[in-house]
file upload29.cif (mmCIF, C-alpha atoms)
data_final
loop_
_atom_site.label_atom_id
_atom_site.label_comp_id
_atom_site.auth_asym_id
_atom_site.auth_seq_id
_atom_site.Cartn_x
_atom_site.Cartn_y
_atom_site.Cartn_z
CA MET A 18 139.46 142.86 10.62
CA SER A 19 140.72 146.33 9.69
CA ARG A 20 137.17 147.65 9.88
CA LEU A 21 136.75 146.20 13.37
CA ARG A 22 139.98 147.85 14.49
CA ALA A 23 138.86 151.17 13.04
CA PHE A 24 135.51 150.82 14.79
CA GLY A 25 137.26 150.04 18.08
CA ARG A 26 139.51 153.07 17.72
CA ALA A 27 136.47 155.22 17.01
CA LEU A 28 134.81 153.99 20.20
CA ARG A 29 137.92 154.58 22.29
CA PHE A 30 138.71 158.00 20.89
CA PRO A 31 136.34 160.10 23.06
CA PHE A 32 137.70 158.49 26.22
CA THR A 33 141.36 158.60 25.24
CA ALA A 34 141.05 162.19 24.00
CA THR A 35 139.42 163.23 27.27
CA ALA A 36 142.12 161.44 29.27
CA ARG A 37 144.83 163.24 27.29
CA ARG A 38 143.23 166.63 27.93
CA ILE A 39 142.94 165.90 31.65
CA ARG A 40 146.55 164.76 31.78
CA ARG A 41 147.74 167.92 29.98
CA ALA A 42 145.76 170.11 32.40
CA THR A 43 146.98 168.37 35.55
CA HIS A 44 150.61 168.23 34.39
CA ALA A 45 150.82 171.79 33.05
CA HIS A 46 153.18 174.50 34.34
CA GLY A 47 155.77 172.06 35.66
CA ALA A 48 153.34 169.97 37.71
CA GLY A 49 154.19 166.87 35.72
CA GLU A 50 157.93 167.12 36.41
CA SER A 51 157.54 167.90 40.12
CA GLY A 52 154.93 165.21 40.79
CA LEU A 53 152.17 167.64 41.69
CA GLY A 54 150.16 166.44 38.68
CA LYS A 55 149.94 162.95 40.16
CA LEU A 56 148.71 164.38 43.46
CA ILE A 57 146.10 166.44 41.60
CA GLU A 58 144.81 163.29 39.90
CA LEU A 59 144.84 161.38 43.18
CA HIS A 60 142.84 164.10 44.91
CA ALA A 61 140.31 164.10 42.07
CA VAL A 62 139.85 160.34 42.56
CA ASN A 63 139.50 160.88 46.31
CA SER A 64 136.83 163.56 45.86
CA ALA A 65 134.88 161.45 43.36
CA GLY A 66 134.84 158.48 45.73
CA ASP A 67 133.69 160.61 48.66
CA MET A 68 130.88 162.03 46.55
CA LEU A 69 129.62 158.58 45.59
CA ILE A 70 129.53 157.54 49.25
CA THR A 71 127.78 160.78 50.19
CA ILE A 72 125.07 160.18 47.60
CA ALA A 73 124.49 156.63 48.86
CA LEU A 74 124.32 157.69 52.52
CA ALA A 75 122.12 160.71 51.84
CA SER A 76 119.66 158.59 49.89
CA THR A 77 119.57 156.00 52.67
CA VAL A 78 119.38 158.26 55.70
CA PHE A 79 117.23 161.09 54.35
CA PHE A 80 115.11 159.88 51.45
CA SER A 81 114.44 156.17 51.86
CA VAL A 82 112.09 156.41 54.86
CA PRO A 83 109.04 158.53 55.79
CA THR A 84 109.66 161.99 57.23
CA ASP A 85 108.87 161.05 60.85
CA GLU A 86 111.24 158.08 60.78
CA ALA A 87 113.91 160.06 58.91
CA ARG A 88 114.21 162.55 61.77
CA GLY A 89 115.14 159.83 64.19
CA ARG A 90 117.59 158.24 61.77
CA VAL A 91 119.26 161.57 61.06
CA ALA A 92 119.62 162.21 64.80
CA LEU A 93 121.08 158.73 65.28
CA TYR A 94 123.43 159.24 62.34
CA LEU A 95 124.73 162.51 63.79
CA ALA A 96 125.12 161.05 67.28
CA ILE A 97 127.05 157.95 66.17
CA THR A 98 129.20 159.53 63.46
CA MET A 99 129.71 163.24 64.02
CA ALA A 100 130.02 163.23 67.82
CA PRO A 101 132.91 160.71 67.93
CA PHE A 102 134.45 162.32 64.84
CA THR A 103 134.76 165.69 66.60
CA LEU A 104 136.80 163.95 69.28
CA LEU A 105 138.94 161.92 66.86
CA ALA A 106 139.67 164.66 64.31
CA PRO A 107 142.18 166.61 66.49
CA VAL A 108 144.03 163.37 67.25
CA ILE A 109 144.54 162.29 63.65
CA GLY A 110 147.04 165.01 62.76
CA PRO A 111 149.51 164.41 65.63
CA VAL A 112 149.36 160.64 65.08
CA LEU A 113 150.18 160.97 61.37
CA ASP A 114 152.98 163.42 62.14
CA ARG A 115 154.80 160.51 63.78
CA LEU A 116 154.89 158.72 60.39
CA PRO A 117 156.84 161.15 58.17
CA HIS A 118 158.38 158.32 56.13
CA GLY A 119 155.12 156.59 55.26
CA ARG A 120 152.98 159.25 53.64
CA ARG A 121 152.30 157.28 50.47
CA ALA A 122 151.39 154.21 52.51
CA ALA A 123 149.15 156.31 54.76
CA MET A 124 147.29 157.77 51.78
CA ALA A 125 146.95 154.31 50.22
CA ALA A 126 145.65 152.93 53.53
CA ALA A 127 143.07 155.73 53.74
CA MET A 128 141.89 154.83 50.23
CA LEU A 129 141.83 151.07 50.83
CA ILE A 130 139.96 151.41 54.13
CA ARG A 131 137.25 153.46 52.43
CA ALA A 132 137.06 150.92 49.60
CA LEU A 133 136.40 148.13 52.09
CA LEU A 134 133.96 150.26 54.08
CA ALA A 135 132.08 151.04 50.87
CA LEU A 136 131.51 147.32 50.39
CA ALA A 137 130.33 147.04 53.99
CA LEU A 138 127.99 149.98 53.50
CA SER A 139 126.55 148.44 50.32
CA GLY A 140 125.05 145.66 52.43
CA ALA A 141 123.99 148.01 55.21
CA VAL A 142 122.04 150.36 52.95
CA ALA A 143 120.06 147.42 51.60
CA THR A 144 119.11 146.09 55.04
CA GLY A 145 119.10 149.36 57.00
CA GLY A 146 121.21 147.74 59.73
CA LEU A 147 122.98 149.63 62.47
CA GLU A 148 126.36 148.67 61.02
CA LEU A 149 125.83 151.55 58.60
CA TYR A 150 126.70 154.11 61.28
CA PRO A 151 130.12 152.86 62.48
CA ALA A 152 131.07 152.24 58.85
CA ALA A 153 130.13 155.84 58.03
CA LEU A 154 132.27 156.99 60.98
CA GLY A 155 135.19 155.00 59.56
CA VAL A 156 134.74 156.73 56.21
CA LEU A 157 134.86 160.14 57.88
CA VAL A 158 137.99 159.30 59.86
CA SER A 159 139.76 157.86 56.80
CA SER A 160 138.82 160.90 54.71
CA LYS A 161 140.19 163.20 57.40
CA ALA A 162 143.42 161.19 57.58
CA TYR A 163 143.86 161.50 53.82
CA GLY A 164 143.34 165.27 54.04
CA VAL A 165 145.96 165.65 56.76
CA VAL A 166 148.56 163.70 54.79
CA ARG A 167 147.73 165.54 51.56
CA SER A 168 148.39 168.87 53.26
CA ALA A 169 151.84 167.62 54.27
CA VAL A 170 152.58 166.30 50.77
CA VAL A 171 151.79 169.41 48.71
CA PRO A 172 154.85 171.46 49.83
CA ARG A 173 157.16 168.64 48.71
CA LEU A 174 155.75 168.65 45.18
CA LEU A 175 155.85 172.35 44.38
CA PRO A 176 156.89 173.11 40.78
CA PRO A 177 159.47 175.86 40.21
CA ARG A 178 158.10 179.38 40.69
CA HIS A 179 154.88 177.98 42.18
CA SER A 180 153.62 179.26 45.50
CA LEU A 181 152.03 176.93 48.04
CA VAL A 182 148.76 178.83 47.71
CA LYS A 183 148.67 178.29 43.94
CA ALA A 184 149.48 174.59 44.27
CA ASN A 185 146.78 174.07 46.89
CA SER A 186 144.32 175.94 44.68
CA ARG A 187 145.01 173.61 41.75
CA VAL A 188 144.55 170.54 43.94
CA THR A 189 141.32 171.91 45.43
CA LEU A 190 139.95 172.87 42.02
CA ALA A 191 140.57 169.35 40.70
CA GLY A 192 138.67 167.98 43.67
CA LEU A 193 135.71 170.27 43.04
CA LEU A 194 135.57 169.37 39.35
CA ALA A 195 135.74 165.66 40.17
CA THR A 196 132.96 166.09 42.73
CA GLY A 197 130.76 167.79 40.15
CA ALA A 198 131.46 165.06 37.60
CA ALA A 199 130.79 162.25 40.10
CA ALA A 200 127.45 163.66 41.28
CA PRO A 201 125.41 162.80 38.15
CA VAL A 202 127.20 159.45 37.89
CA GLY A 203 126.25 158.68 41.48
CA ALA A 204 122.66 159.73 40.85
CA GLY A 205 122.50 157.39 37.86
CA LEU A 206 123.94 154.51 39.89
CA GLN A 207 121.47 155.25 42.69
CA ALA A 208 118.63 154.87 40.19
CA ILE A 209 119.84 151.34 39.47
CA GLY A 210 119.97 150.36 43.13
CA PRO A 211 120.94 151.72 46.58
CA GLY A 212 124.19 149.79 46.66
CA TRP A 213 125.48 150.73 43.22
CA PRO A 214 127.03 154.10 44.18
CA LEU A 215 128.99 152.23 46.84
CA TYR A 216 130.20 149.66 44.33
CA GLY A 217 131.36 152.61 42.25
CA ALA A 218 133.08 154.12 45.29
CA PHE A 219 134.82 150.81 45.94
CA THR A 220 136.22 150.81 42.41
CA VAL A 221 137.29 154.46 42.62
CA PHE A 222 139.09 154.00 45.94
CA VAL A 223 140.88 150.87 44.75
CA VAL A 224 142.23 152.95 41.86
CA GLY A 225 143.23 155.62 44.37
CA THR A 226 145.11 153.02 46.42
CA PHE A 227 147.37 152.24 43.46
CA LEU A 228 147.72 155.91 42.49
CA SER A 229 148.99 156.72 45.99
CA PHE A 230 152.08 154.58 45.41
CA LEU A 231 152.74 156.33 42.08
CA LEU A 232 153.57 159.58 43.90
CA PRO A 233 157.29 160.47 43.82
CA PRO A 234 159.45 158.86 46.55
CA LYS A 235 160.39 162.31 47.85
CA VAL A 236 156.91 162.46 49.37
CA ASP A 237 158.16 160.07 52.07
CA SER A 238 161.37 161.98 52.71
CA ALA A 239 161.75 163.86 55.99
CA LYS A 240 164.60 166.01 54.63
CA GLY A 241 164.36 169.58 55.83
CA GLU A 242 161.84 168.81 58.53
CA ALA A 243 162.44 169.54 62.18
CA ARG A 244 160.32 169.07 65.23
CA ALA A 245 159.08 172.25 66.83
CA GLN A 246 160.42 172.90 70.29
CA PHE A 247 159.04 175.23 72.89
CA LEU A 248 161.56 177.30 74.81
CA GLU A 249 160.92 178.38 78.35
CA VAL A 250 161.13 182.15 78.71
CA ARG A 251 162.15 183.31 82.16
CA SER A 252 161.69 186.78 83.51
CA PRO A 253 164.92 188.66 84.27
CA VAL A 254 166.11 188.39 87.88
CA THR A 255 167.12 191.61 89.60
CA ASP A 256 169.83 191.74 92.25
CA GLY A 257 167.97 194.05 94.52
CA PRO A 258 165.08 196.42 94.87
CA GLU A 259 164.83 199.18 92.31
CA ARG A 260 165.86 202.67 93.40
#

call {"tool": "encode", "arguments": {"input": "upload29.cif", "output": "structure tokens"}}
result
Amino acid sequence: MSRLRAFGRALRFPFTATARRIRRATHAHGAGESGLGKLIELHAVNSAGDMLITIALASTVFFSVPTDEARGRVALYLAITMAPFTLLAPVIGPVLDRLPHGRRAAMAAAMLIRALLALALSGAVATGGLELYPAALGVLVSSKAYGVVRSAVVPRLLPPRHSLVKANSRVTLAGLLATGAAAPVGAGLQAIGPGWPLYGAFTVFVVGTFLSFLLPPKVDSAKGEARAQFLEVRSPVTDGPER
């Protein structure tokens, strides 16, 4: 029994050691105490999930059909997803600004929606059905919504003596590293089957849903915020003609 326990610890060690190093890096320089470390980890999960979906969609739209057919599918993909997204993107920010007390819930919803859409896409990539395109649009809109809320959350989690630029840089760097790590994983899952990267994305986004609620409660606080107001500037009125 003791040998089995030692063998199990030996198997777990590479993963636990890596997790400890990641946790030390994300929580360094006061980020753990302020809560920024949790946001860094959440953004890494978000970026990894987006990469897995990107790999699945790219393989389906670009590489799974002959060149002549792929041109038409790419054009259809752009028309159904990107065109509506350009109209919806400017609306997302003002809508989310009306929910200052529900930022954690909004981020969790953006994760959960993409998890469910990943499952829907897993069936669409296998059949090549048209439901792939509105589901892809939903992924884009949810990803944009997450990005808007994240930008509003970062200033509330600044560690002492940290500038907003430095905090945003740490969050962005974590996302880039997670994207790079998820790319070979997604390629390996794609080799198993077209739906496997999407199953992986579903798992990643479910984890992100729970991580969203682990952010500090001050994320949902509206303390110190004020709505911008535009003042009307009138030109001075003179009593009479100038002399």

call {"tool": "resolve_selection", "arguments": {"input": "upload29.cif", "expression": "the PyMOL selection byres ((chain A and resi 119-135) around 7)", "output": "short mmCIF file (atom, residue, chain, number, x, y, z; two decimals) with C-alpha atoms, keeping the file's coordinate frame"}}
result
data_model
loop_
_atom_site.label_atom_id
_atom_site.label_comp_id
_atom_site.auth_asym_id
_atom_site.auth_seq_id
_atom_site.Cartn_x
_atom_site.Cartn_y
_atom_site.Cartn_z
CA LEU A 116 154.89 158.72 60.39
CA PRO A 117 156.84 161.15 58.17
CA HIS A 118 158.38 158.32 56.13
CA LEU A 136 131.51 147.32 50.39
CA ALA A 137 130.33 147.04 53.99
CA LEU A 138 127.99 149.98 53.50
CA SER A 139 126.55 148.44 50.32
CA ALA A 152 131.07 152.24 58.85
CA VAL A 156 134.74 156.73 56.21
CA SER A 159 139.76 157.86 56.80
CA SER A 160 138.82 160.90 54.71
CA ALA A 162 143.42 161.19 57.58
CA TYR A 163 143.86 161.50 53.82
CA VAL A 166 148.56 163.70 54.79
CA LEU A 215 128.99 152.23 46.84
CA TYR A 216 130.20 149.66 44.33
CA ALA A 218 133.08 154.12 45.29
CA PHE A 219 134.82 150.81 45.94
CA PHE A 222 139.09 154.00 45.94
CA VAL A 223 140.88 150.87 44.75
CA GLY A 225 143.23 155.62 44.37
CA THR A 226 145.11 153.02 46.42
CA SER A 229 148.99 156.72 45.99
CA PHE A 230 152.08 154.58 45.41
CA VAL A 236 156.91 162.46 49.37
CA ASP A 237 158.16 160.07 52.07
#

call {"tool": "closest_residue", "arguments": {"input": "upload29.cif", "among": "A:Leu232, A:Ala184, A:Pro176, A:Val142", "to": "Ile72 (chain A)", "atoms": "all atoms listed in the file"}}
result
A:Val142

call {"tool": "atom_distance", "arguments": {"input": "upload29.cif", "atom1": "CA of Ala208 (chain A)", "atom2": "CA of Ile57 (chain A)"}}
result
29.8 Å

call {"tool": "atom_distance", "arguments": {"input": "upload29.cif", "atom1": "CA of Ala141 (chain A)", "atom2": "CA of Phe227 (chain A)"}}
result
26.5 Å

call {"tool": "atom_distance", "arguments": {"input": "upload29.cif", "atom1": "CA of Leu206 (chain A)", "atom2": "CA of Lys55 (chain A)"}}
result
27.3 Å

call {"tool": "closest_residue", "arguments": {"input": "upload29.cif", "among": "A:Arg167, A:Lys183, A:Arg173, A:Lys161", "to": "Ser51 (chain A)", "atoms": "all atoms listed in the file"}}
result
A:Arg173

call {"tool": "closest_residue", "arguments": {"input": "upload29.cif", "among": "A:Ser64, A:Ser168, A:Thr43, A:Thr103", "to": "Thr196 (chain A)", "atoms": "only C-alpha atoms"}}
result
A:Ser64

call {"tool": "resolve_selection", "arguments": {"input": "upload29.cif", "expression": "the PyMOL selection byres ((chain A and resi 66) around 8)", "output": "list in words"}}
result
Val62, Asn63, Ser64, Ala65, Asp67, Met68, Leu69, Ile70, Ala199, Gly217, Ala218, Phe219, Val221 and Phe222 of chain A

call {"tool": "closest_residue", "arguments": {"input": "upload29.cif", "among": "A:Pro107, A:Gly164, A:Pro172, A:Gly212", "to": "Thr189 (chain A)", "atoms": "only C-alpha atoms"}}
result
A:Gly164

call {"tool": "closest_residue", "arguments": {"input": "upload29.cif", "among": "A:Ala200, A:Val171, A:Ile109, A:Val165", "to": "Val188 (chain A)", "atoms": "only C-alpha atoms"}}
result
A:Val171

call {"tool": "residues_around", "arguments": {"input": "upload29.cif", "residues": "Leu53 (chain A)", "least_positions_apart": "5", "cutoff": "7 Å", "atoms": "only C-alpha atoms", "output": "list of chain:residue names"}}
result
A:Ala48, A:Leu174, A:Leu175

call {"tool": "closest_residue", "arguments": {"input": "upload29.cif", "among": "A:Leu157, A:Leu149, A:Val170, A:His60", "to": "Pro234 (chain A)", "atoms": "only C-alpha atoms"}}
result
A:Val170
